[in-house]
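Q: Okay, so here is protein.cif, and as you'll see once you scroll down, it has mmCIF, C-alpha atoms and all ligand atoms.
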```
data_coords
#
loop_
_atom_site.label_atom_id
_atom_site.label_comp_id
_atom_site.auth_asym_id
_atom_site.auth_seq_id
_atom_site.Cartn_x
_atom_site.Cartn_y
_atom_site.Cartn_z
CA MET A 22 0.00 0.00 0.00
CA ALA A 23 1.40 3.40 -0.97
CA GLU A 24 0.60 6.19 1.46
CA ILE A 25 -0.13 9.72 0.28
CA VAL A 26 -0.45 12.60 2.72
CA VAL A 27 -2.09 15.88 1.74
CA VAL A 28 -0.55 18.41 4.09
CA TYR A 29 -2.41 21.72 4.22
CA TYR A 30 -2.89 25.03 5.99
CA SER A 31 -6.20 26.85 5.57
CA ALA A 32 -7.43 29.91 7.46
CA PHE A 33 -10.84 30.26 5.75
CA GLY A 34 -11.57 26.76 4.40
CA HIS A 35 -10.87 27.08 0.65
CA ILE A 36 -7.69 25.03 0.82
CA ALA A 37 -9.43 22.58 3.16
CA LYS A 38 -12.06 21.97 0.43
CA MET A 39 -9.40 21.60 -2.25
CA SER A 40 -7.56 19.09 -0.02
CA GLU A 41 -10.68 16.89 0.10
CA ALA A 42 -10.67 16.74 -3.71
CA VAL A 43 -6.94 15.93 -3.80
CA VAL A 44 -7.50 13.05 -1.33
CA ILE A 45 -10.42 11.71 -3.40
CA GLY A 46 -8.28 11.78 -6.55
CA ALA A 47 -5.32 10.02 -4.92
CA ASN A 48 -7.58 7.32 -3.48
CA ARG A 49 -8.77 6.47 -7.02
CA ILE A 50 -5.47 4.67 -7.63
CA PRO A 51 -5.65 1.02 -6.53
CA GLY A 52 -3.21 0.21 -3.73
CA VAL A 53 -3.04 3.82 -2.52
CA GLN A 54 -4.30 5.21 0.76
CA ALA A 55 -4.52 9.01 0.99
CA ARG A 56 -5.46 11.26 3.89
CA ALA A 57 -5.37 14.93 4.78
CA LEU A 58 -3.23 16.34 7.58
CA ARG A 59 -3.23 19.89 8.89
CA ILE A 60 -0.53 22.43 9.63
CA PRO A 61 -2.10 24.35 12.54
CA ASP A 62 -1.79 28.10 12.88
CA PHE A 63 0.89 29.60 15.14
CA ASP A 64 0.25 28.80 18.83
CA ASP A 65 1.32 32.35 19.59
CA GLU A 66 -1.75 34.37 18.59
CA SER A 67 0.33 37.52 18.09
CA LEU A 68 1.98 35.83 15.06
CA ARG A 69 -1.31 34.89 13.36
CA PRO A 70 -2.18 36.84 10.21
CA VAL A 71 -5.89 36.91 11.03
CA LYS A 72 -6.58 38.75 14.27
CA LYS A 73 -8.82 41.48 15.59
CA GLU A 74 -6.26 44.28 15.61
CA ASN A 75 -5.64 43.71 11.87
CA GLN A 76 -9.31 44.09 11.02
CA ILE A 77 -9.36 47.83 10.36
CA ILE A 78 -12.85 48.77 9.24
CA ASP A 79 -12.47 51.56 6.73
CA GLU A 80 -14.32 52.73 3.61
CA LYS A 81 -11.24 52.07 1.46
CA VAL A 82 -11.06 48.36 2.39
CA SER A 83 -14.78 47.66 2.83
CA HIS A 84 -14.80 45.18 -0.13
CA PHE A 85 -12.54 42.87 1.89
CA LYS A 86 -15.25 42.53 4.60
CA LEU A 87 -12.52 42.35 7.21
CA GLY A 88 -14.81 42.52 10.22
CA LYS A 89 -16.64 39.37 9.11
CA ARG A 90 -13.42 37.50 8.44
CA ILE A 91 -12.30 37.05 12.04
CA GLU A 92 -15.60 35.19 12.66
CA ASP A 93 -15.05 33.05 9.53
CA TYR A 94 -11.54 32.25 10.72
CA LYS A 95 -12.78 30.97 14.09
CA GLU A 96 -15.56 28.95 12.44
CA ASN A 97 -13.14 27.35 9.99
CA GLU A 98 -10.66 26.47 12.73
CA GLN A 99 -13.51 24.62 14.47
CA GLN A 100 -14.65 22.88 11.26
CA GLN A 101 -11.17 21.54 10.57
CA SER A 102 -10.48 20.37 14.12
CA HIS A 103 -11.15 16.69 13.21
CA ILE A 104 -8.26 16.67 10.69
CA PRO A 105 -5.13 15.32 12.44
CA LEU A 106 -2.13 17.61 12.83
CA VAL A 107 0.86 16.68 10.68
CA THR A 108 4.03 15.39 12.35
CA MET A 109 7.56 14.87 11.06
CA GLU A 110 6.91 11.09 11.34
CA ASP A 111 3.98 11.44 8.89
CA LEU A 112 6.32 13.03 6.33
CA LYS A 113 8.96 10.32 6.78
CA ASN A 114 6.43 7.49 6.42
CA ALA A 115 4.62 8.87 3.37
CA ASP A 116 5.31 7.61 -0.16
CA GLY A 117 4.10 10.91 -1.64
CA ILE A 118 3.32 14.35 -0.18
CA ILE A 119 0.99 16.98 -1.66
CA TRP A 120 1.06 20.44 -0.10
CA GLY A 121 -1.75 23.00 -0.06
CA PHE A 122 -1.76 26.53 1.34
CA PRO A 123 -3.18 29.98 0.50
CA THR A 124 -1.30 32.75 -1.23
CA TYR A 125 -0.13 35.42 1.22
CA LEU A 126 1.66 38.41 -0.32
CA GLY A 127 2.32 36.37 -3.45
CA SER A 128 4.04 33.49 -1.67
CA MET A 129 3.53 30.83 1.01
CA PRO A 130 2.15 31.87 4.44
CA GLY A 131 4.74 32.38 7.19
CA ARG A 132 3.27 29.49 9.16
CA VAL A 133 3.91 27.12 6.26
CA LYS A 134 7.47 28.42 5.79
CA THR A 135 8.08 27.81 9.51
CA PHE A 136 6.86 24.24 9.04
CA PHE A 137 9.19 23.74 6.06
CA ASP A 138 12.04 25.15 8.17
CA GLU A 139 11.26 22.57 10.86
CA ALA A 140 11.35 19.86 8.16
CA GLY A 141 14.74 21.25 7.08
CA GLN A 142 16.35 18.52 9.21
CA PHE A 143 15.49 16.12 6.34
CA CYS A 144 17.91 17.94 4.02
CA THR A 145 20.76 16.30 5.88
CA THR A 146 19.15 12.93 6.60
CA GLY A 147 17.58 12.61 3.13
CA GLU A 148 14.39 11.02 4.43
CA LEU A 149 12.12 12.88 1.97
CA GLU A 150 14.39 12.37 -1.03
CA GLY A 151 12.82 10.68 -4.04
CA LYS A 152 9.22 11.10 -2.86
CA PRO A 153 6.85 12.50 -5.51
CA THR A 154 5.33 15.83 -4.50
CA ALA A 155 3.00 18.57 -5.81
CA LEU A 156 1.36 21.83 -4.76
CA PHE A 157 -2.00 23.59 -4.72
CA THR A 158 -2.95 27.07 -3.57
CA SER A 159 -5.75 29.61 -3.38
CA ALA A 160 -5.70 33.38 -3.74
CA GLY A 161 -8.13 36.20 -3.11
CA SER A 162 -7.71 37.61 -6.60
CA ILE A 163 -7.21 36.05 -10.01
CA HIS A 164 -4.07 38.19 -10.33
CA GLY A 165 -3.10 37.80 -6.67
CA GLY A 166 -0.15 35.45 -7.18
CA HIS A 167 -1.34 31.85 -7.76
CA GLU A 168 1.55 31.04 -10.07
CA ALA A 169 4.12 33.06 -8.10
CA THR A 170 3.22 31.09 -4.97
CA LEU A 171 3.37 27.72 -6.68
CA LEU A 172 6.64 28.46 -8.48
CA SER A 173 8.45 29.86 -5.43
CA SER A 174 7.21 26.97 -3.27
CA ILE A 175 8.91 24.41 -5.51
CA VAL A 176 12.26 25.63 -4.13
CA PRO A 177 12.05 24.11 -0.60
CA LEU A 178 10.69 20.86 -2.09
CA LEU A 179 13.79 20.56 -4.26
CA HIS A 180 16.03 21.30 -1.28
CA LEU A 181 14.36 18.36 0.43
CA GLY A 182 15.18 16.18 -2.59
CA MET A 183 11.56 15.56 -3.56
CA ILE A 184 10.43 14.89 -7.13
CA PHE A 185 8.13 17.75 -8.16
CA MET A 186 5.07 17.07 -10.32
CA GLY A 187 2.86 19.65 -12.03
CA LEU A 188 -0.46 19.47 -13.89
CA PRO A 189 -0.02 18.76 -17.62
CA TYR A 190 -2.15 20.50 -20.27
CA THR A 191 -3.33 17.31 -21.97
CA GLU A 192 -4.90 16.04 -18.75
CA ASN A 193 -6.32 19.44 -17.74
CA PRO A 194 -8.19 21.10 -20.61
CA GLU A 195 -10.04 23.18 -17.95
CA TYR A 196 -7.28 25.74 -17.67
CA LEU A 197 -7.25 26.49 -21.38
CA THR A 198 -10.11 28.92 -20.79
CA ASP A 199 -11.07 32.55 -20.50
CA GLU A 200 -13.19 31.77 -17.42
CA PRO A 201 -11.99 33.26 -14.11
CA ILE A 202 -10.84 30.00 -12.54
CA GLY A 203 -7.62 28.76 -10.94
CA GLY A 204 -5.25 26.10 -12.27
CA SER A 205 -1.88 26.12 -14.03
CA SER A 206 0.94 23.87 -15.14
CA TYR A 207 2.55 24.40 -11.73
CA GLY A 208 -0.31 23.00 -9.65
CA ALA A 209 -4.00 23.29 -8.84
CA SER A 210 -5.51 26.49 -7.47
CA THR A 211 -8.77 28.21 -6.61
CA LEU A 212 -9.99 31.77 -6.19
CA ALA A 213 -11.33 32.80 -2.80
CA GLY A 214 -12.49 36.24 -3.99
CA PRO A 215 -11.53 39.57 -2.38
CA ASP A 216 -14.04 39.02 0.43
CA GLY A 217 -13.34 35.26 0.72
CA GLU A 218 -16.93 34.45 -0.33
CA ARG A 219 -16.20 32.45 -3.50
CA GLU A 220 -16.14 28.66 -3.11
CA PRO A 221 -13.94 26.33 -5.22
CA VAL A 222 -15.86 25.50 -8.43
CA GLN A 223 -16.17 22.02 -9.93
CA LYS A 224 -13.45 22.55 -12.55
CA GLU A 225 -10.95 23.58 -9.87
CA LEU A 226 -11.89 20.59 -7.73
CA THR A 227 -11.55 18.30 -10.77
CA MET A 228 -8.01 19.58 -11.39
CA ALA A 229 -7.18 19.18 -7.68
CA ALA A 230 -8.39 15.57 -7.82
CA ARG A 231 -6.27 14.89 -10.91
CA LEU A 232 -3.24 16.30 -9.10
CA GLY A 233 -3.83 13.80 -6.30
CA GLU A 234 -4.31 10.99 -8.79
CA ARG A 235 -1.12 11.87 -10.65
CA VAL A 236 1.12 11.90 -7.57
CA ALA A 237 -0.54 8.73 -6.25
CA ARG A 238 0.09 6.86 -9.52
CA VAL A 239 3.79 7.68 -9.39
CA ALA A 240 4.10 6.93 -5.65
CA LYS A 241 2.49 3.53 -6.24
CA ALA A 242 4.78 2.76 -9.17
CA PHE A 243 7.84 3.69 -7.05
CA GLU A 244 6.59 1.47 -4.24
CA ASP A 245 6.05 -1.45 -6.65
CA SER A 246 9.59 -1.05 -8.01
CA LYS A 247 11.23 -1.33 -4.56
CA PRO A 248 13.04 -4.58 -3.88
CA PHE A 249 11.08 -6.99 -1.66
CA GLU A 250 11.95 -6.34 2.00
C1 LIG B 1 -1.93 37.92 5.33
C2 LIG B 1 -2.68 37.67 4.06
C3 LIG B 1 -2.08 37.94 2.84
C4 LIG B 1 -2.77 37.71 1.65
N1 LIG B 1 -2.14 37.96 0.46
C5 LIG B 1 -2.79 37.72 -0.70
C6 LIG B 1 -2.13 37.91 -1.96
O1 LIG B 1 -0.95 38.27 -2.04
N2 LIG B 1 -2.84 37.70 -3.08
C7 LIG B 1 -4.14 37.29 -3.05
O2 LIG B 1 -4.74 37.12 -4.11
N3 LIG B 1 -4.78 37.04 -1.88
C8 LIG B 1 -4.13 37.23 -0.71
N4 LIG B 1 -4.74 36.95 0.48
C9 LIG B 1 -6.06 36.28 0.47
C10 LIG B 1 -5.83 34.77 0.68
O3 LIG B 1 -5.13 34.22 -0.42
C11 LIG B 1 -7.16 34.06 0.88
O4 LIG B 1 -7.65 34.45 2.14
C12 LIG B 1 -6.96 32.56 0.82
O5 LIG B 1 -6.68 32.16 -0.49
C13 LIG B 1 -8.16 31.80 1.30
O6 LIG B 1 -7.72 30.45 1.48
P1 LIG B 1 -8.17 29.69 2.80
O7 LIG B 1 -9.67 29.82 2.84
O8 LIG B 1 -7.80 28.26 2.61
O9 LIG B 1 -7.51 30.32 3.97
C14 LIG B 1 -4.09 37.20 1.68
C15 LIG B 1 -4.71 36.92 2.92
C16 LIG B 1 -4.01 37.14 4.11
C17 LIG B 1 -4.67 36.80 5.43
#
```
Output the file's structure in the form of structure tokens.
A:
Amino acid sequence: MAEIVVVYYSAFGHIAKMSEAVVIGANRIPGVQARALRIPDFDDESLRPVKKENQIIDEKVSHFKLGKRIEDYKENEQQQSHIPLVTMEDLKNADGIIWGFPTYLGSMPGRVKTFFDEAGQFCTTGELEGKPTALFTSAGSIHGGHEATLLSSIVPLLHLGMIFMGLPYTENPEYLTDEPIGGSSYGASTLAGPDGEREPVQKELTMAARLGERVARVAKAFEDSKPFE
């Protein structure tokens, strides 16, 4: 059995929904078991990006509905509480790892970078080397940095010696479109909207599922090619 872990961070639930689709896709491959695991927010509330003192209510930023967002954040934290927290052991034991996180300032959230830094120990031990890996993200705006986030996030994965996989055109005709949807050669993505009200649409979820399927197929093939232990 090849094990796939979908490791995600999600403040408002969009990435959590995408992770469900990635798990479903990975589980389509016979002999694969996939599950989602969560990177929790910072324990220290002063480091969290979503907090009351950041929610300045002002005419200029009214389209972001910032006041409402602190309530959404708390609700989403509660809704995701049944998803187990990821550990370093989970990463070591997995045959493939798919990472999902929102776009913050055109790159990965600080909490996710901190988690990668903690996993930096594997650069020297090589325990993640050779595992297939992929990425998905979400962004408030269609021009908010989906591709910048995915591209820059490949870097730590390569430092860890993982084998990066994207989303090929031939398998994903959905992103050859003029519709305002996420998705690119670098990984799956969804739009949250400037006020966070948009939900992932079916085409984005379909691409997320295919990403899971693709990594799972390779992880299973690698597992099958290992010498009998
Ligand atoms: C600190 C912070 C920075 C953000 N930066 C961006 C950004 O650069 N571009 C963008 O389109 N959206 C940005 N957003 C919006 C997030 O991408 C959006 O909330 C996220 O995709 C929703 O995913 P989630 O529901 O899984 O948390 C930012 C949000 C926060 C809290």
Q: Can you tell me which residues sit at most 8 Å away from ligand LIG 1 (chain B), counting all atoms listed in the file, written as an NGL selection string?
A: :A and (30-38 or 70-71 or 122-128 or 130 or 158-167 or 211-215 or 217)
Q: So the first atom is CA of Thr146 (chain A) and the second is CA of Val27 (chain A); what is the distance between them in Å, to one decimal place?
A: 22.0 Å
Q: Calculated over all atoms listed in the file, which of the candidates A:Leu181, A:Val222, A:Ala155, A:Leu106 has the smallest distance to Ala140 (chain A)?
A: A:Leu181
Q: Please measure the separation of CA of Gly151 (chain A) and CA of Leu226 (chain A), giving the value in Å to one decimal.
A: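 Calculated distance between CA of Gly151 (chain A) and CA of Leu226 (chain A) is 26.9 Å.
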Q: Tell me, as a VMD selection string, which residues lie within 8 Å of Val44 (chain A), counting all atoms listed in the file; anything in the same chain fewer than 5 positions away does not count.
A: chain A and resid 27 55 to 57 230 233
Q: Using only C-alpha atoms, find all polymer residues with an atom at most 12 Å away from the point (4.7, 23.2, 5.1); report them as JSON, numbers by chain.
A: {"A": [27, 28, 29, 30, 31, 58, 59, 60, 61, 62, 106, 107, 108, 109, 112, 118, 119, 120, 121, 122, 123, 129, 130, 131, 132, 133, 134, 135, 136, 137, 138, 139, 140, 141, 155, 156, 157, 174, 175, 177, 178, 181]}
Q: Near Ser205 (chain A), within 9 Å and counting only C-alpha atoms, which residues show up once chain neighbours fewer than 2 positions away are dropped, as a short mmCIF file (atom, residue, chain, number, x, y, z; two decimals) with C-alpha atoms, in the coordinates of the input?
A:
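Writing the result to selection_28.cif gives the following:
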```
data_model
loop_
_atom_site.label_atom_id
_atom_site.label_comp_id
_atom_site.auth_asym_id
_atom_site.auth_seq_id
_atom_site.Cartn_x
_atom_site.Cartn_y
_atom_site.Cartn_z
CA HIS A 167 -1.34 31.85 -7.76
CA GLU A 168 1.55 31.04 -10.07
CA GLY A 187 2.86 19.65 -12.03
CA LEU A 188 -0.46 19.47 -13.89
CA PRO A 189 -0.02 18.76 -17.62
CA TYR A 190 -2.15 20.50 -20.27
CA ASN A 193 -6.32 19.44 -17.74
CA TYR A 196 -7.28 25.74 -17.67
CA GLY A 203 -7.62 28.76 -10.94
CA TYR A 207 2.55 24.40 -11.73
CA GLY A 208 -0.31 23.00 -9.65
CA ALA A 209 -4.00 23.29 -8.84
CA SER A 210 -5.51 26.49 -7.47
#
```
Q: In Å, rounded to a single decimal, give me how far CA of Pro105 (chain A) is from CA of Gly182 (chain A).
A: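 Spanning CA of Gly182 (chain A) to CA of Pro105 (chain A) is a straight-line distance of 25.3 Å.
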Q: With all atoms listed in the file as the atoms that count, which of A:Ala242, A:Ile202, A:Leu172, A:Met183 lies nearest to Thr227 (chain A)?
A: A:Ile202
Q: Between A:Val236, A:Leu179, A:Leu171, A:Ile91, which residue has the minimum interatomic distance to Gly147 (chain A), considering all atoms listed in the file?
A: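 The answer is A:Leu179, which sits nearest to Gly147 (chain A).
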Q: With distances taken over all atoms listed in the file, which residue among A:Ser173, A:Ser246, A:Ser40, A:Thr198 lies nearest Ile104 (chain A)?
A: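 Distance minimum relative to Ile104 (chain A) lands on A:Ser40.
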Q: Measuring between all atoms listed in the file, which one of A:Glu244, A:Asp93, A:Glu218, A:Asp199 shows the shortest distance to Gly117 (chain A)?
A: A:Glu244
Q: Smallest atom-to-atom distance to Val239 (chain A): which of A:Ile50, A:Ala169, A:Ile45, A:Leu68, using only C-alpha atoms?
A: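 Among the listed residues, the smallest separation from Val239 (chain A) belongs to A:Ile50.
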Q: Which centre and edge lengths in Å to one decimal define the box along x, y and z that fits every listed atom of region 55-70 of chain A plus 8 Å per side, as lines of an AutoDock Vina configuration file?
A:
```
center_x = -1.7
center_y = 23.3
center_z = 10.3
size_x = 23.4
size_y = 44.5
size_z = 34.6
```
